[in-house]
Amino acid sequence: MKRIINTILVVATLSSAAFTLNSCQDALDIKQAGELQEQDLYTSVSNLGEVLNGSVYAQLDPMDEIYFTAVFTDEVKPGSGSGGQEYSLHRFFLDAASPVITGGTVGTAASDGIWLNNYRVINRVNRLLEGAKKITPVTTKEKDDYNKILAQARAIRAYCYVQLEAYFSSDMKNPNALGVMLVKDVPSTEAQLPRVKNQDIYDFINADLDYARSILTYSTVADQGARYFADKSFVNALTARFNLYRGNMPLAKQYSQDVISNSGLSLTVATPSSILIDPADPTKFQPIGNTAWNTAFYGVASSFNPYRNLWNDSAKGEILFSLNRLPLGAGGSIGSKWNTNQSTLNGSPMWFWGRNLYNLFQNIPGDIRKYAYVDPTSKPNPNYATVTGGTTRNDGLVIDKYPGKTSTATRNDVKVFRLSEMYFILAEAEASAGNLSTAQNLIQQVRVARNYDGKAVTPTYSTAQSAYADILKERRVELALEGHRFLDLKRLAASANVSMDRNVTDDIIAVENLKNGDYRYTLPIPIKEMSANPNMTQNDGY
């Protein structure tokens with residue numbers, strides 16, 4: 001913990017200046033030009049809001065989790081533009097010094113790693129909450145703003161703890177299993193905190209969520225910008241996900257249903273999927289996939305297709321919460337994790353879609369995701385199954401789920417919560433309760449929304465196992481490259497009687513799949529933390 005406290009910078013951008021706070025005592029004792037100290041920060045509700053936006057929201061970023069999940073599981077394979085980045089991670093070489101865990105260069109960008117980045121946000125929230133004690137709101141509006149700022153901050157802190165628990169606790173369903181460090185406030189620079197039981201973390205998460213839920217409300221559907229801030233959709237979606245992970249299915253059901261019923265959003269549909277050849281002749285349409293169709297679907301800032309617009313960020317659609325990525329602004333470029341320059345075959349793709357996942361896209365009749373997720377410049381190799389060695393990278397399955405924004409090909413908002421996930425959580429909860437037909441209907445609703453020609457088919461669930469397997473399949477397709485697959489395999493694959501599913505051609509060497517229950521489904525505590533904190537306990541196997 002000492003390492004974290006001594007290295008975390010609390011950076012918050014104000015409207016006219018930037019300031020830096022370093023929790024190291026030396027930095028606090030020296031006031032640099034253009035720099036604000038903590039005693040200067042928390043002087044008004046307005047400043048408090050600027051700290052929330054510039055320091056907390058600006059640091060919140062699950063891109064390491066998304067990238068790790070994709071590379072480590074069965075979502076991607078090396079692309080034609082790869083220089084060998086993370087091949088070792090793709091081959092399951094995972095230890096306490098791995099950059100995605102402990103920080104360093106991940107892909108082509110610098111990273112703090114999953115552990116430090118989440119604790120950095122927690123630290124910033126704790127500082128904000130401490131600073132807020134110095135402020136007394138006066139007007140009714142100030143009191144309302146003050147309460148909402150604290151509620152958003154605590155909801156974000158809860159999110160970070162859920163992320164840490166999901167990756168670093170070996171068994172979230174066991175309240176007595178070892179969890180992560182519990183940092184409740186701003187500790188001293190000498191603090192060396194141990195890990196605590198899951199239940200201790202859960203109590204803290206629930207307190208934050210209950211507080212935020214008591215203050216925040218659901219945003220209006222018309223408010224396009226609401227998806228960039230934590231509201232009641234964020235709180236209840238997080239509560240549903242958290243309880244799914246910890247195995248509390250009644251609460252997972254309650255809160256996922258609450259979001260579906262009260263967010264005001266509906267599943268983003270796959271239609272219209274066609275454009276007219278001649279607006280004067282409503283009977284003739286451009287064939288899907290021809291040049292004119294591709295231009296109208298892919299080559300514009302706003303497509304004619306609602307589901308594509310969800311990914312190019314021109315519409316809110318079913319998004320409950322996402323991290324805003326302006327064309328020129330703070331935050332990483334998620335598209336650059338897969339494509340060096342742009343999401344086309346000549347854009348130096350570092351990673352292609354994994355072959356079996358791509359086959360799922362292609363083999364579902366009438367499914368819009370085969371177009372929304374895959375760039376038309378792709379060159380699938382029809383003989384991929386017989387290709388060996390390095391030429392497997394010539395099976396060009398270009399990732400286009402993050403197509404970029406106008407003038408910035410690799411930048412897209414990072415989608416954190418979507419309505420479809422709530423349907424999956426609710427379906428899994430119903431399946432666990434034996435309500436198989438209800439679970440089947442919920443999955444069917446998602447597939448109907450994604451199908452543009454009425455061909456959605458969901459098989460009949462005869463057992464909970466068959467339901468879990470189909471839910472996992474739909475989560476794999478719908479939530480690809482959103483950071484879910486690793487945790488889904490960790491928590492549900494054995495119950496569904498499925499496992500990681502790489503194609504044998506997904507690497508230039510012999511491909512393996514990580515077996516269910518492998519110790520690497522729990523991440524190691526970073527070596528920096530282990531070295532600096534004698535009270536820290538490492539996870540088994542590392």
# chains A, B, ... in the order shown; residues from 1 in each chain; ligands from 1
$ residues_around --residues "Thr136 (chain A)" --least-positions-apart "2" --cutoff "10 Å" --atoms "only C-alpha atoms" --output "PyMOL selection string"
chain A and resi 43-45+132-134+138-139+142-143+146
$ write_last_selection --atoms "C-alpha atoms" --output "CSV table (one decimal), in the first residue's frame"
chain,number,residue,atom,x,y,z
A,43,THR,CA,-13.5,25.9,-1.1
A,44,SER,CA,-16.9,25.7,-2.9
A,45,VAL,CA,-19.4,23.3,-4.3
A,132,ALA,CA,-16.1,18.0,1.0
A,133,LYS,CA,-16.2,18.1,4.8
A,134,LYS,CA,-14.7,21.6,4.6
A,138,VAL,CA,-25.8,27.4,1.4
A,139,THR,CA,-28.5,27.5,-1.2
A,142,GLU,CA,-25.8,24.1,-3.8
A,143,LYS,CA,-27.1,21.4,-1.3
A,146,TYR,CA,-23.2,18.8,-3.2
$ residues_around --residues "region 443-454 of chain A" --least-positions-apart "3" --cutoff "12 Å" --atoms "only C-alpha atoms" --output "JSON, numbers by chain"
{"A": [266, 267, 268, 269, 270, 271, 272, 273, 274, 288, 305, 306, 307, 308, 318, 361, 364, 365, 366, 367, 368, 369, 370, 371, 372, 418, 419, 420, 421, 422, 423, 424, 425, 426, 427, 428, 430, 431, 436, 437, 438, 439, 440, 457, 458, 459, 460, 461, 467, 468, 469, 470, 471, 472, 473, 474, 475, 477, 478, 479]}
$ residues_around --residues "region 500-508 of chain A" --least-positions-apart "6" --cutoff "10 Å" --atoms "only C-alpha atoms" --output "number ranges by chain"
A: 72-79, 87, 90-91, 352-357, 384-393, 395, 485-486, 489-490, 493, 514-516
$ select_by_dssp --residues "region 216-420 of chain A" --states "strand (DSSP E)" --output "number ranges by chain"
A: 276-278, 281-285, 319-323, 351-353, 414-418
$ select_by_dssp --residues "region 232-298 of chain A" --states "alpha helix (DSSP H)" --output "ChimeraX atom specification"
/A:232-246,249-262,291-298
$ closest_residue --among "A:Leu52, A:Ser188, A:Ala226, A:Gln59" --to "Arg154 (chain A)" --atoms "only C-alpha atoms"
A:Leu52
$ closest_residue --among "A:Ser348, A:Thr220, A:Ser531, A:Asn412" --to "Thr102 (chain A)" --atoms "only C-alpha atoms"
A:Ser531
$ closest_atom_pairs --of "region 131-213 of chain A" --to "region 239-251 of chain A" --cutoff "7 Å" --atoms "only C-alpha atoms" --output "CSV"
residue,atom,partner,partner_atom,distance
A:Val162,CA,A:Phe242,CA,6.4
A:Met172,CA,A:Arg246,CA,4.8
A:Lys173,CA,A:Arg246,CA,4.4
$ residues_around --residues "Ser333 (chain A)" --least-positions-apart "6" --cutoff "8 Å" --atoms "only C-alpha atoms" --output "PyMOL selection string"
chain A and resi 325+410-412
$ residues_around --residues "Pro349 (chain A)" --least-positions-apart "2" --cutoff "9 Å" --atoms "only C-alpha atoms" --output "PDB file with C-alpha atoms, in the first residue's frame"
ATOM      1  CA  PRO A  78      -2.672 -11.763 -33.579  1.00  0.00           C
ATOM      2  CA  GLY A  79      -3.300  -9.405 -36.469  1.00  0.00           C
ATOM      3  CA  SER A  80      -1.346  -8.688 -39.625  1.00  0.00           C
ATOM      4  CA  GLY A  81       0.156  -5.513 -38.142  1.00  0.00           C
ATOM      5  CA  SER A  82       1.240  -7.084 -34.877  1.00  0.00           C
ATOM      6  CA  SER A 336      -5.851   1.677 -30.797  1.00  0.00           C
ATOM      7  CA  TRP A 338      -6.794  -3.430 -31.818  1.00  0.00           C
ATOM      8  CA  ASN A 339      -5.847  -1.258 -34.803  1.00  0.00           C
ATOM      9  CA  THR A 340      -2.761   0.931 -35.068  1.00  0.00           C
ATOM     10  CA  ASN A 341      -4.120   3.624 -37.366  1.00  0.00           C
ATOM     11  CA  GLN A 342      -7.721   2.839 -38.242  1.00  0.00           C
ATOM     12  CA  SER A 343     -10.118  -0.097 -38.203  1.00  0.00           C
ATOM     13  CA  THR A 344      -9.373  -1.305 -41.722  1.00  0.00           C
ATOM     14  CA  LEU A 345      -7.155  -4.038 -43.087  1.00  0.00           C
ATOM     15  CA  ASN A 346      -4.558  -1.464 -44.162  1.00  0.00           C
ATOM     16  CA  GLY A 347      -4.697   0.225 -40.767  1.00  0.00           C
ATOM     17  CA  TRP A 351      -5.347  -7.999 -33.282  1.00  0.00           C
ATOM     18  CA  PHE A 352      -8.022  -9.679 -35.388  1.00  0.00           C
ATOM     19  CA  GLY A 396      -7.927 -10.889 -41.890  1.00  0.00           C
ATOM     20  CA  VAL A 398     -10.716  -6.753 -38.808  1.00  0.00           C
ATOM     21  CA  ILE A 399     -12.226  -5.477 -35.574  1.00  0.00           C
TER      22      ILE A 399
END
$ closest_residue --among "A:Ala252, A:Leu442, A:Ile135, A:Leu182" --to "Phe204 (chain A)" --atoms "only C-alpha atoms"
A:Leu182
$ closest_residue --among "A:Asn176, A:Thr377, A:Asn262, A:Asn383" --to "Val196 (chain A)" --atoms "only C-alpha atoms"
A:Asn176
$ atom_distance --atom1 "CA of Val414 (chain A)" --atom2 "CA of Tyr67 (chain A)"
11.9 Å
$ closest_residue --among "A:Leu481, A:Ile122, A:Ala409, A:Ala230" --to "Leu326 (chain A)" --atoms "only C-alpha atoms"
A:Ala409
$ atom_distance --atom1 "CA of Gly541 (chain A)" --atom2 "CA of Tyr519 (chain A)"
6.1 Å
$ closest_residue --among "A:Asp281, A:Asp64, A:Asp488, A:Glu130" --to "Gly103 (chain A)" --atoms "only C-alpha atoms"
A:Asp64
$ atom_distance --atom1 "CA of Tyr358 (chain A)" --atom2 "CA of Ala292 (chain A)"
23.9 Å
$ residues_around --residues "Tyr159 (chain A)" --least-positions-apart "6" --cutoff "10 Å" --atoms "only C-alpha atoms" --output "MDAnalysis selection string"
chainID A and resid 60 118 121:122 153 165 205 208:209 234:235 238:239 241:242
$ residues_around --residues "Asp313 (chain A)" --least-positions-apart "2" --cutoff "9 Å" --atoms "only C-alpha atoms" --output "ChimeraX atom specification"
/A:301-302,308-311,315-316,404-405,412-413
